[in-house]
Amino acid sequence: METERAEFSISELAREFAITPRAIRFYEDQGLLAPRRDGQRRIYTPRDRTRLKLTLRGKRLGLTLSEIRELIDMYEPGRDERPQLERFLAVLETHKAALERQSEDIEAQLAEIAAFEKRVRKQLGGRRRG
(Lines give C-alpha, C1' and ligand atoms only; values in the text may rest on other atoms or scores of the structure.)
Protein backbone atom coordinates (compact mmCIF):
# COMPACT_ATOMS: atom_id res chain seq x y z
CA MET A 1 0.00 0.00 0.00
CA GLU A 2 1.44 3.34 -1.05
CA THR A 3 1.57 5.99 1.64
CA GLU A 4 0.54 9.51 0.72
CA ARG A 5 3.53 11.68 -0.10
CA ALA A 6 4.08 14.77 1.98
CA GLU A 7 5.58 16.94 -0.75
CA PHE A 8 6.03 17.30 -4.49
CA SER A 9 8.33 19.32 -6.73
CA ILE A 10 7.03 21.51 -9.54
CA SER A 11 8.49 19.13 -12.13
CA GLU A 12 6.77 16.12 -10.52
CA LEU A 13 3.39 17.87 -10.63
CA ALA A 14 4.00 19.10 -14.17
CA ARG A 15 4.80 15.55 -15.29
CA GLU A 16 1.87 14.00 -13.42
CA PHE A 17 -0.71 16.41 -14.85
CA ALA A 18 0.96 16.82 -18.29
CA ILE A 19 1.27 20.60 -17.98
CA THR A 20 4.25 22.94 -17.94
CA PRO A 21 5.94 24.26 -14.81
CA ARG A 22 5.09 27.70 -16.20
CA ALA A 23 1.35 26.83 -16.01
CA ILE A 24 1.80 25.76 -12.39
CA ARG A 25 3.59 29.03 -11.58
CA PHE A 26 0.73 30.91 -13.29
CA TYR A 27 -1.84 29.14 -11.09
CA GLU A 28 0.32 30.04 -8.11
CA ASP A 29 0.33 33.71 -9.21
CA GLN A 30 -3.48 33.54 -9.45
CA GLY A 31 -3.71 32.41 -5.82
CA LEU A 32 -4.79 28.86 -6.57
CA LEU A 33 -1.64 27.24 -5.17
CA ALA A 34 0.57 28.27 -2.26
CA PRO A 35 3.74 26.15 -2.14
CA ARG A 36 6.35 26.45 0.58
CA ARG A 37 9.72 27.83 -0.43
CA ASP A 38 13.11 26.35 0.26
CA GLY A 39 15.35 29.00 -1.24
CA GLN A 40 14.40 29.07 -4.93
CA ARG A 41 12.75 25.64 -4.76
CA ARG A 42 8.96 25.35 -4.52
CA ILE A 43 7.62 22.56 -2.31
CA TYR A 44 4.03 21.53 -2.99
CA THR A 45 1.88 19.72 -0.41
CA PRO A 46 -0.87 17.17 -1.02
CA ARG A 47 -3.29 20.11 -0.56
CA ASP A 48 -1.58 21.97 -3.43
CA ARG A 49 -1.73 18.82 -5.55
CA THR A 50 -5.48 18.48 -4.89
CA ARG A 51 -6.04 22.18 -5.67
CA LEU A 52 -4.11 21.78 -8.93
CA LYS A 53 -6.18 18.73 -9.85
CA LEU A 54 -9.42 20.64 -9.14
CA THR A 55 -8.15 23.66 -11.07
CA LEU A 56 -7.45 21.55 -14.15
CA ARG A 57 -10.84 19.86 -13.83
CA GLY A 58 -12.51 23.28 -13.64
CA LYS A 59 -10.59 24.46 -16.71
CA ARG A 60 -11.78 21.38 -18.64
CA LEU A 61 -15.34 22.36 -17.71
CA GLY A 62 -14.66 25.84 -19.07
CA LEU A 63 -14.82 27.66 -15.75
CA THR A 64 -12.88 30.87 -15.23
CA LEU A 65 -9.95 30.92 -12.82
CA SER A 66 -11.88 33.21 -10.48
CA GLU A 67 -14.81 30.75 -10.44
CA ILE A 68 -12.41 27.89 -9.78
CA ARG A 69 -10.65 29.79 -6.99
CA GLU A 70 -13.98 30.68 -5.36
CA LEU A 71 -15.12 27.06 -5.40
CA ILE A 72 -11.81 25.66 -4.19
CA ASP A 73 -11.53 28.26 -1.43
CA MET A 74 -14.97 27.26 -0.14
CA TYR A 75 -13.79 23.70 0.42
CA GLU A 76 -12.71 22.90 3.96
CA PRO A 77 -12.23 19.22 4.87
CA GLY A 78 -14.60 18.12 7.60
CA ARG A 79 -16.94 21.05 7.04
CA ASP A 80 -20.46 20.92 5.58
CA GLU A 81 -19.88 20.86 1.85
CA ARG A 82 -23.46 21.77 0.95
CA PRO A 83 -22.74 25.51 0.37
CA GLN A 84 -19.82 24.63 -1.91
CA LEU A 85 -21.91 22.09 -3.84
CA GLU A 86 -24.80 24.55 -4.22
CA ARG A 87 -22.42 27.25 -5.51
CA PHE A 88 -20.78 24.73 -7.86
CA LEU A 89 -24.19 23.78 -9.23
CA ALA A 90 -25.06 27.45 -9.80
CA VAL A 91 -21.75 28.04 -11.62
CA LEU A 92 -22.33 24.95 -13.77
CA GLU A 93 -25.88 26.03 -14.64
CA THR A 94 -24.70 29.50 -15.66
CA HIS A 95 -21.87 28.07 -17.74
CA LYS A 96 -24.17 25.50 -19.35
CA ALA A 97 -26.65 28.24 -20.33
CA ALA A 98 -23.84 30.27 -21.92
CA LEU A 99 -22.63 27.23 -23.87
CA GLU A 100 -26.17 26.49 -25.06
CA ARG A 101 -26.48 30.09 -26.33
CA GLN A 102 -23.13 29.74 -28.12
CA SER A 103 -24.28 26.46 -29.63
CA GLU A 104 -27.47 28.11 -30.94
CA ASP A 105 -25.39 30.95 -32.41
CA ILE A 106 -23.06 28.45 -34.09
CA GLU A 107 -26.02 26.50 -35.52
CA ALA A 108 -27.49 29.73 -36.93
CA GLN A 109 -24.13 30.68 -38.49
CA LEU A 110 -23.73 27.21 -40.00
CA ALA A 111 -27.21 27.43 -41.53
CA GLU A 112 -26.38 30.85 -42.98
CA ILE A 113 -23.10 29.55 -44.40
CA ALA A 114 -24.90 26.57 -45.96
CA ALA A 115 -27.43 28.92 -47.61
CA PHE A 116 -24.64 31.11 -49.04
CA GLU A 117 -22.72 28.05 -50.24
CA LYS A 118 -25.82 26.76 -52.01
CA ARG A 119 -26.44 30.14 -53.64
CA VAL A 120 -22.81 30.54 -54.75
CA ARG A 121 -22.63 26.98 -56.10
CA LYS A 122 -25.83 27.61 -58.06
CA GLN A 123 -24.36 30.84 -59.51
CA LEU A 124 -21.11 29.05 -60.39
CA GLY A 125 -22.99 26.21 -62.03
CA GLY A 126 -25.13 28.59 -64.09
CA ARG A 127 -22.09 30.47 -65.38
CA ARG A 128 -20.23 27.36 -66.47
CA ARG A 129 -23.05 26.34 -68.73
CA GLY A 130 -23.43 29.79 -70.29
# chains A, B, ... in the order shown; residues from 1 in each chain; ligands from 1
call {"tool": "select_by_dssp", "arguments": {"residues": "chain A", "states": "alpha helix (DSSP H)", "output": "PyMOL selection string"}}
result
chain A and resi 10-17+21-29+46-60+65-74+82-129
call {"tool": "residues_around", "arguments": {"residues": "region 53-57 of chain A", "least_positions_apart": "4", "cutoff": "8 Å", "atoms": "only C-alpha atoms", "output": "PyMOL selection string"}}
result
chain A and resi 17+32+49+61+65+68-69+72
call {"tool": "select_by_dssp", "arguments": {"residues": "region 34-125 of chain A", "states": "strand (DSSP E or B)", "output": "CSV table (one decimal) with N, CA and C atoms, in the first residue's frame"}}
result
chain,number,residue,atom,x,y,z
A,36,ARG,N,5.3,26.0,-0.3
A,36,ARG,CA,6.4,26.4,0.6
A,36,ARG,C,7.6,26.7,-0.3
A,37,ARG,N,8.5,27.5,0.3
A,37,ARG,CA,9.7,27.8,-0.4
A,37,ARG,C,10.9,27.3,0.4
A,38,ASP,N,11.8,26.7,-0.3
A,38,ASP,CA,13.1,26.4,0.3
A,38,ASP,C,14.2,27.0,-0.6
A,41,ARG,N,13.5,26.8,-4.5
A,41,ARG,CA,12.7,25.6,-4.8
A,41,ARG,C,11.3,25.8,-4.2
A,42,ARG,N,10.4,25.4,-5.0
A,42,ARG,CA,9.0,25.4,-4.5
A,42,ARG,C,8.7,23.9,-4.0
A,43,ILE,N,8.0,23.9,-2.9
A,43,ILE,CA,7.6,22.6,-2.3
A,43,ILE,C,6.1,22.5,-2.2
A,44,TYR,N,5.5,21.6,-2.9
A,44,TYR,CA,4.0,21.5,-3.0
A,44,TYR,C,3.6,20.4,-2.1
call {"tool": "atom_distance", "arguments": {"atom1": "CA of Arg87 (chain A)", "atom2": "CA of Glu67 (chain A)"}}
result
9.7 Å
call {"tool": "atom_distance", "arguments": {"atom1": "CA of Leu63 (chain A)", "atom2": "CA of Val91 (chain A)"}}
result
8.1 Å
call {"tool": "closest_residue", "arguments": {"among": "A:Gln109, A:Gly62, A:Thr20, A:Asp80", "to": "Thr94 (chain A)", "atoms": "only C-alpha atoms"}}
result
A:Gly62
call {"tool": "atom_distance", "arguments": {"atom1": "CA of Gly39 (chain A)", "atom2": "CA of Ser11 (chain A)"}}
result
16.2 Å
call {"tool": "residues_around", "arguments": {"residues": "Thr45 (chain A)", "least_positions_apart": "3", "cutoff": "10 Å", "atoms": "only C-alpha atoms", "output": "PDB file with N, CA and C atoms, in the first residue's frame"}}
result
ATOM      1  N   ARG A   5       2.300  10.878  -0.172  1.00  0.00           N
ATOM      2  CA  ARG A   5       3.525  11.683  -0.100  1.00  0.00           C
ATOM      3  C   ARG A   5       3.232  13.007   0.572  1.00  0.00           C
ATOM      4  N   ALA A   6       4.236  13.518   1.243  1.00  0.00           N
ATOM      5  CA  ALA A   6       4.076  14.769   1.981  1.00  0.00           C
ATOM      6  C   ALA A   6       4.405  15.988   1.128  1.00  0.00           C
ATOM      7  N   GLU A   7       5.208  15.783   0.077  1.00  0.00           N
ATOM      8  CA  GLU A   7       5.585  16.936  -0.750  1.00  0.00           C
ATOM      9  C   GLU A   7       5.909  16.515  -2.171  1.00  0.00           C
ATOM     10  N   PHE A   8       5.795  17.511  -3.067  1.00  0.00           N
ATOM     11  CA  PHE A   8       6.033  17.299  -4.492  1.00  0.00           C
ATOM     12  C   PHE A   8       6.819  18.487  -5.039  1.00  0.00           C
ATOM     13  N   SER A   9       7.628  18.227  -6.043  1.00  0.00           N
ATOM     14  CA  SER A   9       8.326  19.316  -6.725  1.00  0.00           C
ATOM     15  C   SER A   9       7.462  19.795  -7.881  1.00  0.00           C
ATOM     16  N   LEU A  33      -2.612  28.100  -5.839  1.00  0.00           N
ATOM     17  CA  LEU A  33      -1.639  27.238  -5.166  1.00  0.00           C
ATOM     18  C   LEU A  33      -0.761  28.102  -4.270  1.00  0.00           C
ATOM     19  N   ALA A  34      -0.291  27.514  -3.183  1.00  0.00           N
ATOM     20  CA  ALA A  34       0.575  28.267  -2.259  1.00  0.00           C
ATOM     21  C   ALA A  34       1.681  27.354  -1.742  1.00  0.00           C
ATOM     22  N   PRO A  35       2.673  27.049  -2.589  1.00  0.00           N
ATOM     23  CA  PRO A  35       3.741  26.155  -2.139  1.00  0.00           C
ATOM     24  C   PRO A  35       4.655  26.833  -1.115  1.00  0.00           C
ATOM     25  N   ARG A  36       5.291  25.985  -0.323  1.00  0.00           N
ATOM     26  CA  ARG A  36       6.351  26.447   0.585  1.00  0.00           C
ATOM     27  C   ARG A  36       7.580  26.736  -0.255  1.00  0.00           C
ATOM     28  N   ARG A  42      10.350  25.391  -4.986  1.00  0.00           N
ATOM     29  CA  ARG A  42       8.959  25.355  -4.521  1.00  0.00           C
ATOM     30  C   ARG A  42       8.668  23.943  -4.017  1.00  0.00           C
ATOM     31  N   ASP A  48      -1.870  21.287  -2.162  1.00  0.00           N
ATOM     32  CA  ASP A  48      -1.583  21.969  -3.425  1.00  0.00           C
ATOM     33  C   ASP A  48      -1.883  21.055  -4.610  1.00  0.00           C
ATOM     34  N   ARG A  49      -1.499  19.795  -4.479  1.00  0.00           N
ATOM     35  CA  ARG A  49      -1.731  18.819  -5.547  1.00  0.00           C
ATOM     36  C   ARG A  49      -3.228  18.682  -5.822  1.00  0.00           C
ATOM     37  N   THR A  50      -4.022  18.590  -4.751  1.00  0.00           N
ATOM     38  CA  THR A  50      -5.479  18.484  -4.890  1.00  0.00           C
ATOM     39  C   THR A  50      -6.048  19.745  -5.535  1.00  0.00           C
ATOM     40  N   ARG A  51      -5.561  20.910  -5.097  1.00  0.00           N
ATOM     41  CA  ARG A  51      -6.039  22.178  -5.670  1.00  0.00           C
ATOM     42  C   ARG A  51      -5.680  22.265  -7.155  1.00  0.00           C
TER      43      ARG A  51
END
call {"tool": "closest_residue", "arguments": {"among": "A:Ala18, A:Leu13, A:Leu85, A:Ala23", "to": "Pro46 (chain A)", "atoms": "only C-alpha atoms"}}
result
A:Leu13
call {"tool": "decode", "arguments": {"residues": "region 70-103 of chain A", "atoms": "N, CA, C and O atoms", "output": "PDB file, in the first residue's frame"}}
result
ATOM      1  N   GLU A  70     -12.871  30.529  -6.302  1.00  0.00           N
ATOM      2  CA  GLU A  70     -13.979  30.682  -5.359  1.00  0.00           C
ATOM      3  C   GLU A  70     -14.462  29.322  -4.860  1.00  0.00           C
ATOM      4  O   GLU A  70     -14.658  29.122  -3.658  1.00  0.00           O
ATOM      5  N   LEU A  71     -14.635  28.389  -5.774  1.00  0.00           N
ATOM      6  CA  LEU A  71     -15.123  27.058  -5.396  1.00  0.00           C
ATOM      7  C   LEU A  71     -14.111  26.309  -4.541  1.00  0.00           C
ATOM      8  O   LEU A  71     -14.467  25.705  -3.531  1.00  0.00           O
ATOM      9  N   ILE A  72     -12.847  26.366  -4.934  1.00  0.00           N
ATOM     10  CA  ILE A  72     -11.807  25.659  -4.185  1.00  0.00           C
ATOM     11  C   ILE A  72     -11.644  26.270  -2.794  1.00  0.00           C
ATOM     12  O   ILE A  72     -11.497  25.560  -1.806  1.00  0.00           O
ATOM     13  N   ASP A  73     -11.697  27.597  -2.725  1.00  0.00           N
ATOM     14  CA  ASP A  73     -11.525  28.264  -1.432  1.00  0.00           C
ATOM     15  C   ASP A  73     -12.665  27.956  -0.466  1.00  0.00           C
ATOM     16  O   ASP A  73     -12.498  28.041   0.748  1.00  0.00           O
ATOM     17  N   MET A  74     -13.838  27.601  -0.990  1.00  0.00           N
ATOM     18  CA  MET A  74     -14.974  27.263  -0.136  1.00  0.00           C
ATOM     19  C   MET A  74     -14.779  25.905   0.531  1.00  0.00           C
ATOM     20  O   MET A  74     -15.374  25.638   1.572  1.00  0.00           O
ATOM     21  N   TYR A  75     -13.950  25.057  -0.079  1.00  0.00           N
ATOM     22  CA  TYR A  75     -13.793  23.696   0.425  1.00  0.00           C
ATOM     23  C   TYR A  75     -12.932  23.674   1.671  1.00  0.00           C
ATOM     24  O   TYR A  75     -11.834  24.216   1.705  1.00  0.00           O
ATOM     25  N   GLU A  76     -13.438  23.067   2.702  1.00  0.00           N
ATOM     26  CA  GLU A  76     -12.711  22.901   3.955  1.00  0.00           C
ATOM     27  C   GLU A  76     -12.993  21.479   4.419  1.00  0.00           C
ATOM     28  O   GLU A  76     -14.131  21.158   4.745  1.00  0.00           O
ATOM     29  N   PRO A  77     -11.980  20.604   4.447  1.00  0.00           N
ATOM     30  CA  PRO A  77     -12.230  19.219   4.866  1.00  0.00           C
ATOM     31  C   PRO A  77     -12.912  19.155   6.230  1.00  0.00           C
ATOM     32  O   PRO A  77     -12.567  19.909   7.135  1.00  0.00           O
ATOM     33  N   GLY A  78     -13.902  18.286   6.338  1.00  0.00           N
ATOM     34  CA  GLY A  78     -14.600  18.117   7.603  1.00  0.00           C
ATOM     35  C   GLY A  78     -15.743  19.087   7.809  1.00  0.00           C
ATOM     36  O   GLY A  78     -16.482  18.977   8.778  1.00  0.00           O
ATOM     37  N   ARG A  79     -15.872  20.069   6.934  1.00  0.00           N
ATOM     38  CA  ARG A  79     -16.943  21.050   7.045  1.00  0.00           C
ATOM     39  C   ARG A  79     -18.109  20.642   6.153  1.00  0.00           C
ATOM     40  O   ARG A  79     -17.929  19.876   5.210  1.00  0.00           O
ATOM     41  N   ASP A  80     -19.285  21.179   6.412  1.00  0.00           N
ATOM     42  CA  ASP A  80     -20.456  20.915   5.580  1.00  0.00           C
ATOM     43  C   ASP A  80     -20.152  21.398   4.168  1.00  0.00           C
ATOM     44  O   ASP A  80     -19.835  22.570   3.959  1.00  0.00           O
ATOM     45  N   GLU A  81     -20.228  20.472   3.223  1.00  0.00           N
ATOM     46  CA  GLU A  81     -19.880  20.855   1.849  1.00  0.00           C
ATOM     47  C   GLU A  81     -21.087  21.315   1.045  1.00  0.00           C
ATOM     48  O   GLU A  81     -20.959  21.665  -0.115  1.00  0.00           O
ATOM     49  N   ARG A  82     -22.254  21.371   1.671  1.00  0.00           N
ATOM     50  CA  ARG A  82     -23.462  21.768   0.953  1.00  0.00           C
ATOM     51  C   ARG A  82     -23.334  23.155   0.296  1.00  0.00           C
ATOM     52  O   ARG A  82     -23.683  23.312  -0.869  1.00  0.00           O
ATOM     53  N   PRO A  83     -22.866  24.196   1.011  1.00  0.00           N
ATOM     54  CA  PRO A  83     -22.743  25.514   0.370  1.00  0.00           C
ATOM     55  C   PRO A  83     -21.834  25.472  -0.874  1.00  0.00           C
ATOM     56  O   PRO A  83     -22.135  26.091  -1.886  1.00  0.00           O
ATOM     57  N   GLN A  84     -20.730  24.737  -0.769  1.00  0.00           N
ATOM     58  CA  GLN A  84     -19.820  24.628  -1.908  1.00  0.00           C
ATOM     59  C   GLN A  84     -20.515  23.920  -3.075  1.00  0.00           C
ATOM     60  O   GLN A  84     -20.422  24.358  -4.217  1.00  0.00           O
ATOM     61  N   LEU A  85     -21.224  22.842  -2.786  1.00  0.00           N
ATOM     62  CA  LEU A  85     -21.905  22.094  -3.841  1.00  0.00           C
ATOM     63  C   LEU A  85     -23.012  22.923  -4.487  1.00  0.00           C
ATOM     64  O   LEU A  85     -23.186  22.893  -5.710  1.00  0.00           O
ATOM     65  N   GLU A  86     -23.742  23.693  -3.673  1.00  0.00           N
ATOM     66  CA  GLU A  86     -24.800  24.553  -4.221  1.00  0.00           C
ATOM     67  C   GLU A  86     -24.197  25.629  -5.120  1.00  0.00           C
ATOM     68  O   GLU A  86     -24.730  25.922  -6.189  1.00  0.00           O
ATOM     69  N   ARG A  87     -23.088  26.216  -4.697  1.00  0.00           N
ATOM     70  CA  ARG A  87     -22.419  27.248  -5.513  1.00  0.00           C
ATOM     71  C   ARG A  87     -21.876  26.626  -6.794  1.00  0.00           C
ATOM     72  O   ARG A  87     -21.982  27.209  -7.869  1.00  0.00           O
ATOM     73  N   PHE A  88     -21.302  25.431  -6.695  1.00  0.00           N
ATOM     74  CA  PHE A  88     -20.779  24.727  -7.862  1.00  0.00           C
ATOM     75  C   PHE A  88     -21.904  24.469  -8.857  1.00  0.00           C
ATOM     76  O   PHE A  88     -21.756  24.700 -10.060  1.00  0.00           O
ATOM     77  N   LEU A  89     -23.039  24.035  -8.366  1.00  0.00           N
ATOM     78  CA  LEU A  89     -24.192  23.777  -9.233  1.00  0.00           C
ATOM     79  C   LEU A  89     -24.631  25.066  -9.931  1.00  0.00           C
ATOM     80  O   LEU A  89     -24.917  25.064 -11.135  1.00  0.00           O
ATOM     81  N   ALA A  90     -24.668  26.171  -9.203  1.00  0.00           N
ATOM     82  CA  ALA A  90     -25.057  27.454  -9.796  1.00  0.00           C
ATOM     83  C   ALA A  90     -24.071  27.872 -10.890  1.00  0.00           C
ATOM     84  O   ALA A  90     -24.477  28.333 -11.961  1.00  0.00           O
ATOM     85  N   VAL A  91     -22.780  27.704 -10.623  1.00  0.00           N
ATOM     86  CA  VAL A  91     -21.754  28.045 -11.621  1.00  0.00           C
ATOM     87  C   VAL A  91     -21.923  27.161 -12.854  1.00  0.00           C
ATOM     88  O   VAL A  91     -21.862  27.641 -13.991  1.00  0.00           O
ATOM     89  N   LEU A  92     -22.140  25.865 -12.641  1.00  0.00           N
ATOM     90  CA  LEU A  92     -22.327  24.946 -13.771  1.00  0.00           C
ATOM     91  C   LEU A  92     -23.558  25.317 -14.589  1.00  0.00           C
ATOM     92  O   LEU A  92     -23.515  25.294 -15.830  1.00  0.00           O
ATOM     93  N   GLU A  93     -24.659  25.662 -13.923  1.00  0.00           N
ATOM     94  CA  GLU A  93     -25.885  26.030 -14.638  1.00  0.00           C
ATOM     95  C   GLU A  93     -25.671  27.281 -15.476  1.00  0.00           C
ATOM     96  O   GLU A  93     -26.106  27.353 -16.629  1.00  0.00           O
ATOM     97  N   THR A  94     -24.988  28.270 -14.926  1.00  0.00           N
ATOM     98  CA  THR A  94     -24.700  29.501 -15.660  1.00  0.00           C
ATOM     99  C   THR A  94     -23.819  29.213 -16.872  1.00  0.00           C
ATOM    100  O   THR A  94     -24.071  29.696 -17.974  1.00  0.00           O
ATOM    101  N   HIS A  95     -22.796  28.411 -16.653  1.00  0.00           N
ATOM    102  CA  HIS A  95     -21.871  28.072 -17.738  1.00  0.00           C
ATOM    103  C   HIS A  95     -22.584  27.255 -18.820  1.00  0.00           C
ATOM    104  O   HIS A  95     -22.395  27.493 -20.010  1.00  0.00           O
ATOM    105  N   LYS A  96     -23.415  26.326 -18.404  1.00  0.00           N
ATOM    106  CA  LYS A  96     -24.168  25.504 -19.351  1.00  0.00           C
ATOM    107  C   LYS A  96     -25.081  26.374 -20.213  1.00  0.00           C
ATOM    108  O   LYS A  96     -25.156  26.192 -21.429  1.00  0.00           O
ATOM    109  N   ALA A  97     -25.762  27.341 -19.595  1.00  0.00           N
ATOM    110  CA  ALA A  97     -26.652  28.240 -20.333  1.00  0.00           C
ATOM    111  C   ALA A  97     -25.863  29.046 -21.371  1.00  0.00           C
ATOM    112  O   ALA A  97     -26.307  29.218 -22.512  1.00  0.00           O
ATOM    113  N   ALA A  98     -24.677  29.513 -20.979  1.00  0.00           N
ATOM    114  CA  ALA A  98     -23.839  30.274 -21.920  1.00  0.00           C
ATOM    115  C   ALA A  98     -23.409  29.388 -23.090  1.00  0.00           C
ATOM    116  O   ALA A  98     -23.427  29.826 -24.247  1.00  0.00           O
ATOM    117  N   LEU A  99     -23.027  28.146 -22.806  1.00  0.00           N
ATOM    118  CA  LEU A  99     -22.627  27.226 -23.874  1.00  0.00           C
ATOM    119  C   LEU A  99     -23.800  26.902 -24.800  1.00  0.00           C
ATOM    120  O   LEU A  99     -23.623  26.795 -26.020  1.00  0.00           O
ATOM    121  N   GLU A 100     -24.992  26.764 -24.232  1.00  0.00           N
ATOM    122  CA  GLU A 100     -26.170  26.489 -25.062  1.00  0.00           C
ATOM    123  C   GLU A 100     -26.465  27.665 -25.985  1.00  0.00           C
ATOM    124  O   GLU A 100     -26.804  27.474 -27.151  1.00  0.00           O
ATOM    125  N   ARG A 101     -26.301  28.906 -25.473  1.00  0.00           N
ATOM    126  CA  ARG A 101     -26.482  30.094 -26.329  1.00  0.00           C
ATOM    127  C   ARG A 101     -25.446  30.099 -27.444  1.00  0.00           C
ATOM    128  O   ARG A 101     -25.757  30.378 -28.596  1.00  0.00           O
ATOM    129  N   GLN A 102     -24.187  29.793 -27.104  1.00  0.00           N
ATOM    130  CA  GLN A 102     -23.128  29.739 -28.120  1.00  0.00           C
ATOM    131  C   GLN A 102     -23.442  28.677 -29.159  1.00  0.00           C
ATOM    132  O   GLN A 102     -23.241  28.896 -30.355  1.00  0.00           O
ATOM    133  N   SER A 103     -23.944  27.544 -28.718  1.00  0.00           N
ATOM    134  CA  SER A 103     -24.282  26.460 -29.627  1.00  0.00           C
ATOM    135  C   SER A 103     -25.386  26.894 -30.590  1.00  0.00           C
ATOM    136  O   SER A 103     -25.315  26.622 -31.796  1.00  0.00           O
TER     137      SER A 103
END
